[in-house]
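Source file: run09.cif (mmCIF, N, CA and C atoms)
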data_coords
loop_
_atom_site.label_atom_id
_atom_site.label_comp_id
_atom_site.auth_asym_id
_atom_site.auth_seq_id
_atom_site.Cartn_x
_atom_site.Cartn_y
_atom_site.Cartn_z
N MET A 1 -69.15 155.18 -33.23
CA MET A 1 -69.42 156.44 -32.60
C MET A 1 -70.60 156.27 -31.66
N HIS A 2 -70.69 157.15 -30.72
CA HIS A 2 -71.71 157.07 -29.68
C HIS A 2 -73.10 157.47 -30.18
N LEU A 3 -74.09 157.00 -29.47
CA LEU A 3 -75.49 157.31 -29.76
C LEU A 3 -75.73 158.81 -29.84
N ASN A 4 -75.17 159.55 -28.90
CA ASN A 4 -75.45 160.99 -28.87
C ASN A 4 -74.88 161.71 -30.08
N ALA A 5 -73.71 161.32 -30.53
CA ALA A 5 -73.12 161.99 -31.70
C ALA A 5 -73.98 161.79 -32.94
N HIS A 6 -74.46 160.56 -33.13
CA HIS A 6 -75.35 160.29 -34.26
C HIS A 6 -76.64 161.11 -34.13
N ALA A 7 -77.18 161.14 -32.92
CA ALA A 7 -78.43 161.87 -32.69
C ALA A 7 -78.26 163.36 -32.97
N PHE A 8 -77.17 163.94 -32.50
CA PHE A 8 -76.95 165.38 -32.70
C PHE A 8 -76.77 165.70 -34.17
N ALA A 9 -75.99 164.89 -34.87
CA ALA A 9 -75.76 165.16 -36.30
C ALA A 9 -77.06 165.04 -37.09
N GLY A 10 -77.80 163.97 -36.86
CA GLY A 10 -79.07 163.79 -37.56
C GLY A 10 -80.06 164.89 -37.24
N ALA A 11 -80.11 165.28 -35.98
CA ALA A 11 -81.02 166.35 -35.56
C ALA A 11 -80.66 167.68 -36.22
N ALA A 12 -79.37 167.99 -36.25
CA ALA A 12 -78.94 169.25 -36.86
C ALA A 12 -79.25 169.27 -38.36
N ILE A 13 -79.02 168.16 -39.03
CA ILE A 13 -79.29 168.09 -40.47
C ILE A 13 -80.78 168.26 -40.75
N TYR A 14 -81.60 167.52 -40.04
CA TYR A 14 -83.03 167.55 -40.31
C TYR A 14 -83.67 168.87 -39.87
N ALA A 15 -83.22 169.41 -38.75
CA ALA A 15 -83.76 170.70 -38.29
C ALA A 15 -83.34 171.83 -39.22
N THR A 16 -82.14 171.74 -39.78
CA THR A 16 -81.70 172.74 -40.75
C THR A 16 -82.60 172.71 -41.99
N ALA A 17 -82.92 171.52 -42.46
CA ALA A 17 -83.82 171.40 -43.62
C ALA A 17 -85.20 171.97 -43.28
N ALA A 18 -85.65 171.74 -42.05
CA ALA A 18 -86.95 172.27 -41.64
C ALA A 18 -86.93 173.79 -41.60
N ARG A 19 -85.79 174.36 -41.24
CA ARG A 19 -85.67 175.84 -41.27
C ARG A 19 -85.73 176.36 -42.70
N LEU A 20 -85.16 175.60 -43.63
CA LEU A 20 -85.15 176.04 -45.03
C LEU A 20 -86.55 175.98 -45.63
N ASP A 21 -87.18 174.80 -45.58
CA ASP A 21 -88.52 174.65 -46.16
C ASP A 21 -89.14 173.34 -45.69
N PRO A 22 -89.86 173.36 -44.58
CA PRO A 22 -90.42 172.12 -44.04
C PRO A 22 -91.53 171.53 -44.91
N ALA A 23 -92.09 172.31 -45.80
CA ALA A 23 -93.17 171.80 -46.64
C ALA A 23 -92.66 171.20 -47.95
N SER A 24 -91.38 171.32 -48.21
CA SER A 24 -90.81 170.83 -49.47
C SER A 24 -90.40 169.36 -49.33
N ALA A 25 -91.08 168.50 -50.05
CA ALA A 25 -90.75 167.08 -50.00
C ALA A 25 -89.32 166.80 -50.47
N PRO A 26 -88.83 167.43 -51.54
CA PRO A 26 -87.45 167.16 -51.95
C PRO A 26 -86.42 167.58 -50.90
N VAL A 27 -86.64 168.73 -50.26
CA VAL A 27 -85.70 169.21 -49.24
C VAL A 27 -85.70 168.26 -48.05
N MET A 28 -86.88 167.91 -47.58
CA MET A 28 -86.96 167.04 -46.41
C MET A 28 -86.51 165.61 -46.74
N GLY A 29 -86.76 165.18 -47.96
CA GLY A 29 -86.29 163.86 -48.38
C GLY A 29 -84.77 163.80 -48.43
N ALA A 30 -84.17 164.84 -49.00
CA ALA A 30 -82.71 164.91 -49.05
C ALA A 30 -82.13 164.97 -47.64
N ALA A 31 -82.80 165.69 -46.74
CA ALA A 31 -82.34 165.78 -45.35
C ALA A 31 -82.43 164.43 -44.66
N ALA A 32 -83.48 163.68 -44.95
CA ALA A 32 -83.62 162.35 -44.35
C ALA A 32 -82.48 161.44 -44.80
N ILE A 33 -82.16 161.50 -46.07
CA ILE A 33 -81.05 160.69 -46.60
C ILE A 33 -79.72 161.15 -45.99
N ALA A 34 -79.53 162.46 -45.88
CA ALA A 34 -78.30 162.99 -45.29
C ALA A 34 -78.18 162.62 -43.80
N ALA A 35 -79.29 162.68 -43.07
CA ALA A 35 -79.26 162.31 -41.65
C ALA A 35 -78.89 160.84 -41.50
N PHE A 36 -79.51 159.99 -42.31
CA PHE A 36 -79.19 158.56 -42.29
C PHE A 36 -77.72 158.34 -42.68
N GLY A 37 -77.28 159.02 -43.72
CA GLY A 37 -75.90 158.87 -44.20
C GLY A 37 -74.85 159.38 -43.22
N SER A 38 -75.24 160.32 -42.37
CA SER A 38 -74.28 160.84 -41.39
C SER A 38 -73.79 159.75 -40.45
N HIS A 39 -74.60 158.71 -40.27
CA HIS A 39 -74.19 157.60 -39.40
C HIS A 39 -72.91 156.97 -39.92
N PHE A 40 -72.83 156.77 -41.23
CA PHE A 40 -71.69 156.08 -41.83
C PHE A 40 -70.43 156.96 -41.78
N VAL A 41 -70.62 158.26 -41.90
CA VAL A 41 -69.49 159.18 -41.79
C VAL A 41 -68.95 159.17 -40.36
N LEU A 42 -69.84 159.29 -39.39
CA LEU A 42 -69.40 159.34 -38.00
C LEU A 42 -68.84 158.01 -37.51
N ASP A 43 -69.29 156.91 -38.08
CA ASP A 43 -68.74 155.62 -37.65
C ASP A 43 -67.30 155.41 -38.11
N LYS A 44 -66.83 156.25 -39.04
CA LYS A 44 -65.40 156.19 -39.39
C LYS A 44 -64.55 156.60 -38.19
N VAL A 45 -65.16 157.41 -37.30
CA VAL A 45 -64.50 157.78 -36.05
C VAL A 45 -64.89 156.73 -35.03
N GLY A 46 -63.93 156.10 -34.44
CA GLY A 46 -64.21 155.05 -33.47
C GLY A 46 -64.63 155.59 -32.12
N GLU A 47 -64.56 154.74 -31.14
CA GLU A 47 -64.89 155.10 -29.77
C GLU A 47 -63.72 154.71 -28.88
N PRO A 48 -63.51 155.45 -27.80
CA PRO A 48 -62.47 155.03 -26.86
C PRO A 48 -62.91 153.75 -26.15
N ARG A 49 -61.97 153.05 -25.63
CA ARG A 49 -62.28 151.80 -24.90
C ARG A 49 -62.70 152.15 -23.48
N TRP A 50 -64.00 152.28 -23.32
CA TRP A 50 -64.58 152.58 -22.02
C TRP A 50 -65.36 151.38 -21.54
N SER A 51 -65.63 151.35 -20.26
CA SER A 51 -66.49 150.31 -19.71
C SER A 51 -67.93 150.59 -20.14
N ARG A 52 -68.78 149.61 -19.98
CA ARG A 52 -70.20 149.79 -20.30
C ARG A 52 -70.79 150.92 -19.46
N ALA A 53 -70.39 151.00 -18.20
CA ALA A 53 -70.90 152.06 -17.32
C ALA A 53 -70.47 153.44 -17.81
N GLN A 54 -69.23 153.56 -18.26
CA GLN A 54 -68.75 154.84 -18.77
C GLN A 54 -69.50 155.24 -20.03
N HIS A 55 -69.71 154.29 -20.96
CA HIS A 55 -70.47 154.56 -22.18
C HIS A 55 -71.89 155.01 -21.83
N THR A 56 -72.51 154.31 -20.90
CA THR A 56 -73.88 154.62 -20.51
C THR A 56 -73.97 156.01 -19.88
N LEU A 57 -73.04 156.32 -19.00
CA LEU A 57 -73.03 157.63 -18.36
C LEU A 57 -72.81 158.74 -19.38
N PHE A 58 -71.86 158.54 -20.27
CA PHE A 58 -71.54 159.53 -21.29
C PHE A 58 -72.74 159.77 -22.20
N ASP A 59 -73.30 158.70 -22.76
CA ASP A 59 -74.46 158.86 -23.64
C ASP A 59 -75.67 159.37 -22.88
N GLY A 60 -75.86 158.89 -21.68
CA GLY A 60 -77.01 159.32 -20.88
C GLY A 60 -76.99 160.81 -20.59
N ALA A 61 -75.83 161.33 -20.22
CA ALA A 61 -75.72 162.75 -19.90
C ALA A 61 -76.01 163.61 -21.12
N PHE A 62 -75.41 163.26 -22.25
CA PHE A 62 -75.64 164.06 -23.46
C PHE A 62 -77.06 163.88 -24.00
N MET A 63 -77.62 162.70 -23.87
CA MET A 63 -78.99 162.50 -24.35
C MET A 63 -80.00 163.22 -23.45
N ALA A 64 -79.67 163.40 -22.19
CA ALA A 64 -80.54 164.20 -21.30
C ALA A 64 -80.53 165.67 -21.77
N LEU A 65 -79.36 166.17 -22.14
CA LEU A 65 -79.28 167.52 -22.71
C LEU A 65 -80.08 167.62 -24.01
N PHE A 66 -79.97 166.59 -24.82
CA PHE A 66 -80.69 166.56 -26.09
C PHE A 66 -82.20 166.54 -25.85
N ALA A 67 -82.66 165.73 -24.90
CA ALA A 67 -84.09 165.66 -24.58
C ALA A 67 -84.60 167.02 -24.11
N ALA A 68 -83.80 167.71 -23.32
CA ALA A 68 -84.19 169.05 -22.86
C ALA A 68 -84.31 170.01 -24.04
N LEU A 69 -83.37 169.94 -24.98
CA LEU A 69 -83.41 170.80 -26.15
C LEU A 69 -84.61 170.49 -27.03
N VAL A 70 -84.90 169.21 -27.22
CA VAL A 70 -86.07 168.82 -28.01
C VAL A 70 -87.35 169.32 -27.35
N ALA A 71 -87.45 169.14 -26.04
CA ALA A 71 -88.65 169.58 -25.32
C ALA A 71 -88.81 171.10 -25.39
N ALA A 72 -87.71 171.81 -25.25
CA ALA A 72 -87.77 173.28 -25.27
C ALA A 72 -88.13 173.82 -26.65
N SER A 73 -87.79 173.09 -27.69
CA SER A 73 -88.04 173.59 -29.05
C SER A 73 -89.11 172.78 -29.78
N TRP A 74 -89.92 172.03 -29.05
CA TRP A 74 -90.88 171.14 -29.69
C TRP A 74 -91.79 171.87 -30.69
N GLN A 75 -92.29 173.03 -30.32
CA GLN A 75 -93.21 173.75 -31.19
C GLN A 75 -92.56 174.15 -32.52
N ASP A 76 -91.28 174.46 -32.49
CA ASP A 76 -90.61 174.92 -33.71
C ASP A 76 -89.89 173.78 -34.43
N TYR A 77 -88.88 173.21 -33.78
CA TYR A 77 -88.02 172.23 -34.47
C TYR A 77 -87.85 170.92 -33.73
N GLY A 78 -88.43 170.78 -32.57
CA GLY A 78 -88.23 169.57 -31.77
C GLY A 78 -88.59 168.28 -32.48
N LYS A 79 -89.74 168.29 -33.15
CA LYS A 79 -90.17 167.06 -33.85
C LYS A 79 -89.22 166.72 -34.99
N PHE A 80 -88.67 167.74 -35.65
CA PHE A 80 -87.70 167.49 -36.73
C PHE A 80 -86.38 166.96 -36.16
N MET A 81 -85.99 167.50 -35.02
CA MET A 81 -84.76 167.03 -34.36
C MET A 81 -84.90 165.58 -33.95
N LEU A 82 -86.04 165.23 -33.39
CA LEU A 82 -86.27 163.85 -32.96
C LEU A 82 -86.26 162.89 -34.15
N LEU A 83 -86.90 163.27 -35.22
CA LEU A 83 -86.91 162.42 -36.42
C LEU A 83 -85.50 162.30 -37.01
N GLY A 84 -84.76 163.40 -37.05
CA GLY A 84 -83.39 163.35 -37.55
C GLY A 84 -82.51 162.46 -36.70
N ALA A 85 -82.67 162.54 -35.39
CA ALA A 85 -81.90 161.69 -34.47
C ALA A 85 -82.23 160.22 -34.71
N LEU A 86 -83.50 159.93 -34.91
CA LEU A 86 -83.91 158.55 -35.18
C LEU A 86 -83.32 158.05 -36.50
N LEU A 87 -83.42 158.87 -37.55
CA LEU A 87 -82.88 158.47 -38.85
C LEU A 87 -81.38 158.20 -38.78
N ALA A 88 -80.65 159.03 -38.04
CA ALA A 88 -79.20 158.87 -37.94
C ALA A 88 -78.81 157.64 -37.13
N ASN A 89 -79.71 157.13 -36.32
CA ASN A 89 -79.40 155.98 -35.47
C ASN A 89 -79.96 154.66 -35.99
N ILE A 90 -80.62 154.67 -37.14
CA ILE A 90 -81.22 153.43 -37.67
C ILE A 90 -80.21 152.29 -37.79
N PRO A 91 -79.00 152.49 -38.32
CA PRO A 91 -78.08 151.36 -38.40
C PRO A 91 -77.76 150.75 -37.03
N ASP A 92 -77.61 151.58 -36.01
CA ASP A 92 -77.35 151.04 -34.66
C ASP A 92 -78.59 150.39 -34.07
N ILE A 93 -79.74 150.99 -34.30
CA ILE A 93 -80.98 150.40 -33.79
C ILE A 93 -81.17 149.00 -34.35
N TRP A 94 -80.89 148.85 -35.64
CA TRP A 94 -81.04 147.54 -36.27
C TRP A 94 -79.95 146.56 -35.81
N ASP A 95 -78.70 146.94 -36.00
CA ASP A 95 -77.61 146.00 -35.72
C ASP A 95 -77.46 145.69 -34.23
N LYS A 96 -77.83 146.62 -33.38
CA LYS A 96 -77.70 146.39 -31.93
C LYS A 96 -79.03 145.96 -31.32
N LYS A 97 -79.95 145.52 -32.18
CA LYS A 97 -81.24 145.00 -31.74
C LYS A 97 -81.92 145.93 -30.75
N PHE A 98 -82.16 147.14 -31.18
CA PHE A 98 -82.78 148.17 -30.34
C PHE A 98 -81.98 148.40 -29.05
N TYR A 99 -80.67 148.27 -29.17
CA TYR A 99 -79.70 148.48 -28.08
C TYR A 99 -79.75 147.39 -27.01
N LEU A 100 -80.49 146.33 -27.24
CA LEU A 100 -80.52 145.22 -26.29
C LEU A 100 -79.19 144.48 -26.26
N SER A 101 -78.47 144.48 -27.39
CA SER A 101 -77.18 143.79 -27.44
C SER A 101 -76.14 144.46 -26.55
N ILE A 102 -76.35 145.72 -26.23
CA ILE A 102 -75.43 146.41 -25.33
C ILE A 102 -75.71 145.98 -23.89
N LEU A 103 -76.98 145.81 -23.57
CA LEU A 103 -77.36 145.41 -22.21
C LEU A 103 -76.99 143.97 -21.91
N ASP A 104 -77.25 143.08 -22.87
CA ASP A 104 -76.95 141.65 -22.67
C ASP A 104 -76.48 141.04 -23.98
N PRO A 105 -75.16 141.16 -24.27
CA PRO A 105 -74.66 140.70 -25.57
C PRO A 105 -74.76 139.19 -25.79
N GLU A 106 -74.81 138.42 -24.73
CA GLU A 106 -74.93 136.97 -24.91
C GLU A 106 -76.35 136.57 -25.31
N ARG A 107 -77.32 137.22 -24.73
CA ARG A 107 -78.71 136.89 -25.04
C ARG A 107 -79.14 137.48 -26.38
N TRP A 108 -78.68 138.70 -26.67
CA TRP A 108 -79.03 139.38 -27.92
C TRP A 108 -77.75 139.80 -28.65
N PRO A 109 -77.10 138.87 -29.33
CA PRO A 109 -75.87 139.25 -30.04
C PRO A 109 -76.15 140.24 -31.16
N ALA A 110 -75.22 141.17 -31.35
CA ALA A 110 -75.38 142.21 -32.36
C ALA A 110 -75.19 141.63 -33.75
N PHE A 111 -75.84 142.27 -34.72
CA PHE A 111 -75.64 141.95 -36.13
C PHE A 111 -74.48 142.80 -36.65
N ASP A 112 -74.06 142.50 -37.86
CA ASP A 112 -73.17 143.41 -38.57
C ASP A 112 -73.69 143.57 -40.00
N ASP A 113 -75.01 143.74 -40.09
CA ASP A 113 -75.65 143.89 -41.40
C ASP A 113 -75.20 145.16 -42.11
N PHE A 114 -75.02 146.23 -41.36
CA PHE A 114 -74.54 147.47 -41.95
C PHE A 114 -73.00 147.44 -41.97
N PHE A 115 -72.42 147.75 -43.11
CA PHE A 115 -70.98 147.65 -43.29
C PHE A 115 -70.19 148.50 -42.30
N CYS A 116 -70.79 149.54 -41.79
CA CYS A 116 -70.07 150.43 -40.87
C CYS A 116 -69.83 149.78 -39.51
N HIS A 117 -70.41 148.63 -39.27
CA HIS A 117 -70.22 147.95 -37.99
C HIS A 117 -69.30 146.74 -38.10
N ARG A 118 -68.69 146.57 -39.24
CA ARG A 118 -67.77 145.45 -39.42
C ARG A 118 -66.36 145.86 -39.03
N LYS A 119 -65.58 144.92 -38.64
CA LYS A 119 -64.20 145.17 -38.20
C LYS A 119 -63.43 145.90 -39.29
N GLY A 120 -62.63 146.86 -38.86
CA GLY A 120 -61.77 147.58 -39.78
C GLY A 120 -62.40 148.81 -40.41
N TYR A 121 -63.68 149.09 -40.15
CA TYR A 121 -64.31 150.26 -40.76
C TYR A 121 -63.82 151.56 -40.14
N GLU A 122 -63.58 151.54 -38.83
CA GLU A 122 -63.11 152.75 -38.15
C GLU A 122 -61.72 153.12 -38.64
N SER A 123 -61.52 154.38 -38.91
CA SER A 123 -60.18 154.78 -39.35
C SER A 123 -59.51 155.69 -38.32
N ILE A 124 -60.27 156.14 -37.33
CA ILE A 124 -59.72 157.01 -36.28
C ILE A 124 -60.05 156.39 -34.93
N LYS A 125 -59.10 156.31 -34.07
CA LYS A 125 -59.31 155.83 -32.70
C LYS A 125 -59.14 157.02 -31.77
N PRO A 126 -60.22 157.73 -31.46
CA PRO A 126 -60.09 158.94 -30.66
C PRO A 126 -59.83 158.67 -29.19
N THR A 127 -59.22 159.63 -28.55
CA THR A 127 -59.05 159.56 -27.10
C THR A 127 -60.38 159.96 -26.46
N ALA A 128 -60.48 159.78 -25.16
CA ALA A 128 -61.69 160.17 -24.44
C ALA A 128 -61.95 161.67 -24.59
N SER A 129 -60.90 162.46 -24.53
CA SER A 129 -61.04 163.92 -24.65
C SER A 129 -61.58 164.32 -26.01
N VAL A 130 -61.09 163.70 -27.05
CA VAL A 130 -61.55 164.00 -28.41
C VAL A 130 -63.01 163.59 -28.57
N THR A 131 -63.38 162.45 -28.00
CA THR A 131 -64.76 161.98 -28.07
C THR A 131 -65.71 162.96 -27.39
N VAL A 132 -65.34 163.43 -26.22
CA VAL A 132 -66.16 164.39 -25.49
C VAL A 132 -66.24 165.70 -26.29
N LEU A 133 -65.12 166.16 -26.81
CA LEU A 133 -65.09 167.39 -27.59
C LEU A 133 -65.98 167.28 -28.83
N LEU A 134 -65.92 166.16 -29.52
CA LEU A 134 -66.76 165.97 -30.70
C LEU A 134 -68.24 166.04 -30.33
N SER A 135 -68.63 165.39 -29.25
CA SER A 135 -70.03 165.44 -28.82
C SER A 135 -70.44 166.86 -28.43
N VAL A 136 -69.56 167.57 -27.76
CA VAL A 136 -69.86 168.96 -27.38
C VAL A 136 -70.05 169.81 -28.64
N LEU A 137 -69.18 169.65 -29.62
CA LEU A 137 -69.29 170.42 -30.86
C LEU A 137 -70.57 170.09 -31.63
N LEU A 138 -70.91 168.80 -31.70
CA LEU A 138 -72.14 168.41 -32.39
C LEU A 138 -73.37 168.93 -31.66
N TYR A 139 -73.34 168.90 -30.33
CA TYR A 139 -74.46 169.43 -29.55
C TYR A 139 -74.58 170.94 -29.77
N ALA A 140 -73.44 171.62 -29.76
CA ALA A 140 -73.44 173.07 -29.98
C ALA A 140 -73.99 173.40 -31.37
N GLY A 141 -73.62 172.59 -32.36
CA GLY A 141 -74.15 172.80 -33.70
C GLY A 141 -75.66 172.63 -33.75
N THR A 142 -76.15 171.62 -33.06
CA THR A 142 -77.60 171.41 -32.99
C THR A 142 -78.28 172.59 -32.29
N LEU A 143 -77.67 173.07 -31.23
CA LEU A 143 -78.21 174.20 -30.48
C LEU A 143 -78.26 175.45 -31.36
N VAL A 144 -77.22 175.68 -32.13
CA VAL A 144 -77.17 176.84 -33.02
C VAL A 144 -78.29 176.77 -34.05
N VAL A 145 -78.52 175.60 -34.62
CA VAL A 145 -79.57 175.44 -35.63
C VAL A 145 -80.92 175.81 -35.03
N VAL A 146 -81.18 175.39 -33.81
CA VAL A 146 -82.48 175.59 -33.20
C VAL A 146 -82.67 177.02 -32.71
N VAL A 147 -81.62 177.60 -32.14
CA VAL A 147 -81.73 178.91 -31.52
C VAL A 147 -81.58 180.05 -32.52
N ALA A 148 -80.73 179.85 -33.52
CA ALA A 148 -80.43 180.94 -34.47
C ALA A 148 -81.61 181.35 -35.30
#
Could you spell out this file's structure in structure tokens?
Amino acid sequence: MHLNAHAFAGAAIYATAARLDPASAPVMGAAAIAAFGSHFVLDKVGEPRWSRAQHTLFDGAFMALFAALVAASWQDYGKFMLLGALLANIPDIWDKKFYLSILDPERWPAFDDFFCHRKGYESIKPTASVTVLLSVLLYAGTLVVVVA
């Protein structure tokens, strides 16, 4: 799954916990685990076969929207959204060597330390339309958490 989908899911989970009780260590701890775990759930959904430029444009556009939302809500939930997005992307950050393996796979080959990045883990091969729709829905969910 794409960077933005993981970021939106993690942000929504962690910001929701912050709305419930940001001072509660058990609530925020459970949210951190859930945000991290969301990566494995979303990786069951694959990615369409796009070029590197298409992937970059797609993730870049949605992450720009995400950055705007984080900046607009920084005083209330922005910091929680950013932390949730980071937690949800830890497996990709590690296995893709801070995303350097995407830029130059020969120089920085990716790991497959996390089981969700091994062949055969994906069970759904979405079309481009489904991928865009999923990202829109996850972004909308994040927006609802912050605005509501």
Please, what distance in Å, to one decimal, runs between atom N of A:Phe8 and atom CA of A:Ala85? 5.6 Å
Picked residues, the PyMOL selection byres ((chain A and resi 76-83) around 6), as a VMD selection string: chain A and resid 10 to 12 14 to 15 70 to 71 73 to 75 84 to 88
Can you spell out as a PyMOL selection string the set of residues that the PyMOL selection byres (((chain A and resi 28-42 and name CA) around 10) and name CA) selects in the structure I just provided? chain A and resi 1-3+5-18+20-27+43-46+80+83-92+114-117+121-122
When the PyMOL selection byres ((chain A and resi 128-134) around 8) is applied to the file above, which residues end up in the set, as a list in words?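 That selection, the PyMOL selection byres ((chain A and resi 128-134) around 8), comes back as Asn4, Ala5, Gly46, Glu47, Pro48, Arg49, Lys125, Pro126, Thr127, Ser135, Val136, Leu137, Leu138, Tyr139 and Ala140 of chain A.
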Out of stretch 31-109 of chain A, which residues get alpha helix (DSSP H) from DSSP, as a count of residues only? 54
Find the distance between atom CA of A:Asp113 and atom CA of A:Ile93 and write it in Å to one decimal.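 Separating atom CA of A:Asp113 from atom CA of A:Ile93 is a distance of 11.3 Å.
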Atomic separation - atom CA of A:Lys119 relative to atom CA of A:Ser51, Å: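 Going from atom CA of A:Ser51 over to atom CA of A:Lys119, I get 19.3 Å.
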